[in-house]
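Novice: First the structure, which I've put down as structure tokens, then a few questions once you've had a look.
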Protein chains: 2
Amino acid sequence: MGNLTLRQQEMLGFLQVFSQERGFWPSIREIRDHFGFNSTNAVVGHLRALENKGYLTCIAGQARSYRITYQNTETPPSDSLEVIDMPVYGNIPAGFPEGIEQGDAIDRIQVDIRSAGIRRSRRSFALKVRGDSMIDAGIFDGDMVIIEPALPNDGDIVAALIDGATTLKRFIKPRQKPPYLKAENENYPELHPVSELVIQGIARSIVRKL
Amino acid sequence: MGNLTLRQQEMLGFLQVFSQERGFWPSIREIRDHFGFNSTNAVVGHLRALENKGYLTCIAGQARSYRITYQNTETPPSDSLEVIDMPVYGNIPAGFPEGIEQGDAIDRIQVDIRSAGIRRSRRSFALKVRGDSMIDAGIFDGDMVIIEPALPNDGDIVAALIDGATTLKRFIKPRQKPPYLKAENENYPELHPVSELVIQGIARSIVRKL
DNA sequence: AAAAACAGTGATTATTTTATCACTATGGGC
DNA sequence: GCCCATAGTGATAAAATAATCACTGTTTTT
């Protein structure tokens, strides 16, 4: 399988995108127009090249009938990743983790545990971020943060219960001093615990839908 | 959406199976031969009927270009999300996206399609971000971006091939002007296409492991 | 320096493919 | 009985489309 020139990459990319977008293959004319050629022959040449290099199969004499000879990507997952299903909460009510009704979840999400950086058999869940208090850490309003219930270490981003609402903050544990929470946004003050710190879990990963 | 006759069901089923098996749509002749008709007009009649009933869209005057418009009966059960497995690339080599050797993937990730914001049956993949060119969009070095091959619109974040390497940039398409790429980092210049833009797909979501 | 691969124009031909006309026949419903 | 949707045959026109030939450059490789 030879290497492709830039033009051939473009050609193959266009074929791919077109067919996935529209559901059928482009005709040679449509390819020509897309690239702004004046002759269909320029297209034919590239298709031949792609065919010779083994990236493409054209059915001779038939319109719009190519076939990209890709290596079967659907290889059976070699060591299938373990996927777990988690509820997504808009807010984690007091009393967590016990006593959460199934209906409190606003959604569900499924990710594999390795990508999410969590351990199995923990009661992980996801939290939909509200507000911009962690914006300097790259966590935006609307992001989903996957939370693993665990004891936090210094520097971890945690879901914490403050005034009955769950917020995302960075957990700071200075030596010889009580821990406190810090927002990653210059406009927000540090939160020294007036009474008690209720940490609901450590943020392990972020999923943002663009 | 009217009911289909037996013949029409057979027709629609054949279209679906054929396109799935072969990768392109059958011509009217091929349909005729499959059903053993003696006239192509019999096929045309059925295609019209299917179109009138809203199951099919034919692009007039173009060969082999249909589109099945009805929702696949296998609607994913609402309570179990559909999870797909995607390769993770550090860089998408030439010849994208086909012809990628299995070994080119540096990892795999599994997410449910709704959380990832992608459509089923697209050959989506993930890309490990290198560099800080999208830092102002909240995409950091080391993030995994889930890419769906598609034609970009103005403002989409896309994976683009520049000098043989894949980078993440924002796609800008001004009216009446050629599109260009823009990094989301003040220290980076705009990238006006010197030759041509190879867009490998649209970024749909981000997964960051903390 | 020569050869080979790459990239393309322009024109022409052959074929595939869709579209359309006229016509036959069957069964259901008002 | 009559109308209408369904299901076809057969032929022909119109278009979209692929394939081919001859030729001009450029770049890369030998």
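Just so we're on the same page: first chain in the structure tokens is A, next is B, and so on; residues restart at 1 for each chain, and ligands are numbered from 1 in the order they show up.
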I'd like the contact shell of range 6-12 of chain D - 7 Å cut-off, only C-alpha atoms (C1' of nucleotides), skipping same-chain residues fewer than 6 positions apart - returned as a list in words.
Specialist: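 Those residues are Asn38, Ser39 and Ala42 of chain B.
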Novice: Could you write out as a list in words the residues of chain A within 9 Å of chain D, counting only C-alpha atoms (C1' of nucleotides)?
Specialist: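 Listed by rising number, the hits are Ser27, Ile28, Arg29, Val44, Ala60, Gly61, Gln62, Ala63 and Arg64 of chain A.
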Novice: Just to be explicit: take each residue in the selection above, keep all heavy atoms, and write the result as a PDB file, in the first residue's frame.
Specialist:
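Dumped to selection_34.pdb:
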```pdb
ATOM      1  N   SER A  27     -20.401  11.414  -8.390  1.00  0.00           N
ATOM      2  CA  SER A  27     -20.020  11.063  -9.756  1.00  0.00           C
ATOM      3  C   SER A  27     -18.702  11.772 -10.074  1.00  0.00           C
ATOM      4  O   SER A  27     -18.278  12.678  -9.352  1.00  0.00           O
ATOM      5  CB  SER A  27     -21.087  11.511 -10.739  1.00  0.00           C
ATOM      6  OG  SER A  27     -21.094  12.908 -10.840  1.00  0.00           O
ATOM      7  N   ILE A  28     -18.085  11.334 -11.142  1.00  0.00           N
ATOM      8  CA  ILE A  28     -16.803  11.937 -11.517  1.00  0.00           C
ATOM      9  C   ILE A  28     -16.976  13.426 -11.758  1.00  0.00           C
ATOM     10  O   ILE A  28     -16.110  14.233 -11.413  1.00  0.00           O
ATOM     11  CB  ILE A  28     -16.250  11.220 -12.765  1.00  0.00           C
ATOM     12  CG1 ILE A  28     -15.755   9.835 -12.349  1.00  0.00           C
ATOM     13  CG2 ILE A  28     -15.135  12.021 -13.406  1.00  0.00           C
ATOM     14  CD1 ILE A  28     -15.125   9.048 -13.444  1.00  0.00           C
ATOM     15  N   ARG A  29     -18.112  13.796 -12.321  1.00  0.00           N
ATOM     16  CA  ARG A  29     -18.386  15.232 -12.526  1.00  0.00           C
ATOM     17  C   ARG A  29     -18.429  15.985 -11.222  1.00  0.00           C
ATOM     18  O   ARG A  29     -17.909  17.089 -11.106  1.00  0.00           O
ATOM     19  CB  ARG A  29     -19.751  15.379 -13.169  1.00  0.00           C
ATOM     20  CG  ARG A  29     -19.659  15.019 -14.572  1.00  0.00           C
ATOM     21  CD  ARG A  29     -20.410  15.940 -15.414  1.00  0.00           C
ATOM     22  NE  ARG A  29     -19.832  15.762 -16.716  1.00  0.00           N
ATOM     23  CZ  ARG A  29     -20.525  15.574 -17.793  1.00  0.00           C
ATOM     24  NH1 ARG A  29     -21.821  15.563 -17.735  1.00  0.00           N
ATOM     25  NH2 ARG A  29     -19.931  15.420 -18.941  1.00  0.00           N
ATOM     26  N   VAL A  44     -10.371  11.067 -13.206  1.00  0.00           N
ATOM     27  CA  VAL A  44     -10.140   9.668 -13.562  1.00  0.00           C
ATOM     28  C   VAL A  44      -8.713   9.260 -13.220  1.00  0.00           C
ATOM     29  O   VAL A  44      -8.477   8.184 -12.681  1.00  0.00           O
ATOM     30  CB  VAL A  44     -10.423   9.438 -15.056  1.00  0.00           C
ATOM     31  CG1 VAL A  44     -10.029   8.038 -15.454  1.00  0.00           C
ATOM     32  CG2 VAL A  44     -11.895   9.674 -15.339  1.00  0.00           C
ATOM     33  N   ALA A  60     -16.009  -0.875 -12.796  1.00  0.00           N
ATOM     34  CA  ALA A  60     -15.891  -0.272 -14.124  1.00  0.00           C
ATOM     35  C   ALA A  60     -17.251  -0.158 -14.789  1.00  0.00           C
ATOM     36  O   ALA A  60     -18.069  -1.077 -14.739  1.00  0.00           O
ATOM     37  CB  ALA A  60     -14.951  -1.108 -14.994  1.00  0.00           C
ATOM     38  N   GLY A  61     -17.473   0.983 -15.385  1.00  0.00           N
ATOM     39  CA  GLY A  61     -18.675   1.166 -16.182  1.00  0.00           C
ATOM     40  C   GLY A  61     -19.934   1.370 -15.384  1.00  0.00           C
ATOM     41  O   GLY A  61     -21.024   1.388 -15.933  1.00  0.00           O
ATOM     42  N   GLN A  62     -19.819   1.519 -14.109  1.00  0.00           N
ATOM     43  CA  GLN A  62     -21.008   1.746 -13.314  1.00  0.00           C
ATOM     44  C   GLN A  62     -20.891   3.064 -12.573  1.00  0.00           C
ATOM     45  O   GLN A  62     -19.838   3.386 -12.032  1.00  0.00           O
ATOM     46  CB  GLN A  62     -21.214   0.615 -12.311  1.00  0.00           C
ATOM     47  CG  GLN A  62     -21.526  -0.706 -12.995  1.00  0.00           C
ATOM     48  CD  GLN A  62     -22.099  -1.699 -12.025  1.00  0.00           C
ATOM     49  OE1 GLN A  62     -22.095  -1.476 -10.825  1.00  0.00           O
ATOM     50  NE2 GLN A  62     -22.599  -2.796 -12.550  1.00  0.00           N
ATOM     51  N   ALA A  63     -21.971   3.776 -12.556  1.00  0.00           N
ATOM     52  CA  ALA A  63     -21.954   5.098 -11.959  1.00  0.00           C
ATOM     53  C   ALA A  63     -21.925   5.022 -10.441  1.00  0.00           C
ATOM     54  O   ALA A  63     -22.533   4.140  -9.848  1.00  0.00           O
ATOM     55  CB  ALA A  63     -23.194   5.878 -12.402  1.00  0.00           C
ATOM     56  N   ARG A  64     -21.218   5.935  -9.870  1.00  0.00           N
ATOM     57  CA  ARG A  64     -21.268   6.137  -8.428  1.00  0.00           C
ATOM     58  C   ARG A  64     -21.091   4.854  -7.634  1.00  0.00           C
ATOM     59  O   ARG A  64     -21.825   4.601  -6.675  1.00  0.00           O
ATOM     60  CB  ARG A  64     -22.627   6.738  -8.032  1.00  0.00           C
ATOM     61  CG  ARG A  64     -22.906   8.092  -8.622  1.00  0.00           C
ATOM     62  CD  ARG A  64     -24.342   8.484  -8.350  1.00  0.00           C
ATOM     63  NE  ARG A  64     -24.688   9.726  -9.007  1.00  0.00           N
ATOM     64  CZ  ARG A  64     -24.458  10.924  -8.486  1.00  0.00           C
ATOM     65  NH1 ARG A  64     -23.884  11.034  -7.331  1.00  0.00           N
ATOM     66  NH2 ARG A  64     -24.814  11.997  -9.137  1.00  0.00           N
TER      67      ARG A  64
END
```
Novice: Could you name the residues that touch Val17 in chain A at 6 Å or less, counting only C-alpha atoms (C1' of nucleotides), but leaving out those on the same chain fewer than 4 positions away, as a list in words?
Specialist: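 What passes the distance filter is Glu21 of chain A; Pro149 and Ala150 of chain B.
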Novice: Have a look at B:Leu6, B:Ile109, B:Val198, B:Val145 and name the one nearest to Ile157 in chain B; count only C-alpha atoms.
Specialist: B:Val145
Novice: Using DSSP on the backbone coordinates, identify the residues of range 124-154 of chain B assigned to strand (DSSP E or B); present them as a PyMOL selection string.
Specialist: chain B and resi 125-128+144-148
Novice: Using only C-alpha atoms (C1' of nucleotides), I'd like every residue of chain C that has an atom within 9 Å of chain A; please write them out as a short mmCIF file (atom, residue, chain, number, x, y, z; two decimals) with N, CA and C atoms (P, O5', C5', C4', C3', O3' and C1' of nucleotides), in the first residue's frame.
Specialist:
```
data_model
loop_
_atom_site.label_atom_id
_atom_site.label_comp_id
_atom_site.auth_asym_id
_atom_site.auth_seq_id
_atom_site.Cartn_x
_atom_site.Cartn_y
_atom_site.Cartn_z
P DC C 6 2.50 8.63 -8.80
"O5'" DC C 6 2.31 10.17 -9.11
"C5'" DC C 6 3.11 11.12 -8.42
"C4'" DC C 6 2.77 12.51 -8.90
"C3'" DC C 6 1.27 12.82 -8.85
"O3'" DC C 6 1.07 13.96 -8.03
"C1'" DC C 6 2.21 13.46 -10.92
P DA C 7 -0.45 14.39 -7.70
"O5'" DA C 7 -0.79 15.34 -8.91
"C5'" DA C 7 -0.15 16.60 -9.02
"C4'" DA C 7 -0.78 17.40 -10.13
"C3'" DA C 7 -2.31 17.25 -10.20
"O3'" DA C 7 -2.90 18.54 -10.17
"C1'" DA C 7 -1.35 16.93 -12.32
P DG C 8 -4.48 18.70 -10.09
"O5'" DG C 8 -4.89 18.96 -11.61
"C5'" DG C 8 -4.29 20.07 -12.27
"C4'" DG C 8 -4.37 19.91 -13.75
"C3'" DG C 8 -5.76 19.78 -14.35
"O3'" DG C 8 -6.29 21.07 -14.60
"C1'" DG C 8 -4.07 18.61 -15.56
P DT C 9 -7.76 21.18 -15.27
"O5'" DT C 9 -7.39 21.25 -16.81
"C5'" DT C 9 -6.45 22.22 -17.28
"C4'" DT C 9 -6.42 22.22 -18.80
"C3'" DT C 9 -7.79 22.41 -19.46
"O3'" DT C 9 -7.69 23.41 -20.45
"C1'" DT C 9 -6.72 20.46 -20.30
P DG C 10 -9.02 24.11 -21.01
"O5'" DG C 10 -9.43 23.14 -22.21
"C5'" DG C 10 -8.44 22.73 -23.14
"C4'" DG C 10 -9.05 21.78 -24.15
"C3'" DG C 10 -10.56 21.85 -24.29
"O3'" DG C 10 -10.88 22.05 -25.66
"C1'" DG C 10 -9.87 19.60 -24.03
P DT C 15 -20.39 0.60 -26.37
"O5'" DT C 15 -21.00 0.84 -24.93
"C5'" DT C 15 -20.11 1.12 -23.84
"C4'" DT C 15 -20.90 1.62 -22.66
"C3'" DT C 15 -22.19 0.85 -22.37
"O3'" DT C 15 -22.03 0.20 -21.14
"C1'" DT C 15 -22.50 3.20 -22.17
P DT C 16 -23.17 -0.76 -20.56
"O5'" DT C 16 -23.68 0.19 -19.38
"C5'" DT C 16 -22.74 1.07 -18.78
"C4'" DT C 16 -23.43 2.07 -17.87
"C3'" DT C 16 -24.62 1.51 -17.08
"O3'" DT C 16 -24.46 1.95 -15.75
"C1'" DT C 16 -25.28 3.45 -18.28
P DT C 17 -25.38 1.43 -14.61
"O5'" DT C 17 -26.59 2.46 -14.65
"C5'" DT C 17 -26.31 3.84 -14.42
"C4'" DT C 17 -27.53 4.67 -14.71
"C3'" DT C 17 -28.85 4.09 -14.19
"O3'" DT C 17 -29.20 4.80 -13.02
"C1'" DT C 17 -29.06 5.15 -16.33
#
```
Novice: Mind dumping a table of every chain B residue within 6 Å of chain A, with the nearest atom pair and its distance in Å to one decimal, using only C-alpha atoms, sorted by chain and rising number, as a Markdown table?
Specialist:
```
| residue | atom | partner | partner_atom | distance |
| --- | --- | --- | --- | --- |
| B:Phe24 | CA | A:Ser65 | CA | 5.6 |
| B:Ser65 | CA | A:Phe24 | CA | 5.6 |
| B:Gly95 | CA | A:Gln9 | CA | 5.4 |
| B:Glu98 | CA | A:Tyr70 | CA | 4.8 |
| B:Gly99 | CA | A:Tyr70 | CA | 5.0 |
| B:Gln110 | CA | A:Asp112 | CA | 5.3 |
| B:Val111 | CA | A:Val111 | CA | 4.4 |
| B:Asp112 | CA | A:Gln110 | CA | 5.3 |
| B:Gly138 | CA | A:Gly138 | CA | 5.1 |
| B:Pro149 | CA | A:Val17 | CA | 6.0 |
| B:Ala150 | CA | A:Val17 | CA | 5.4 |
| B:Val198 | CA | A:Glu10 | CA | 5.9 |
| B:Arg204 | CA | A:Leu210 | CA | 5.2 |
| B:Ser205 | CA | A:Lys209 | CA | 4.3 |
| B:Ile206 | CA | A:Arg208 | CA | 5.0 |
| B:Val207 | CA | A:Val207 | CA | 4.6 |
| B:Arg208 | CA | A:Ile206 | CA | 5.0 |
| B:Lys209 | CA | A:Ser205 | CA | 4.3 |
| B:Leu210 | CA | A:Ser205 | CA | 5.1 |
```
Novice: So what do you get for CA of Lys169 in chain B versus CA of His34 in chain A, distance-wise?
Specialist: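 CA of Lys169 in chain B sits 22.1 Å away from CA of His34 in chain A.
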Novice: Between CA of Leu168 in chain A and CA of Asn187 in chain A, what distance in Å does the model show, to one decimal?
Specialist: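 Computing the Euclidean distance for CA of Leu168 in chain A and CA of Asn187 in chain A yields 15.1 Å.
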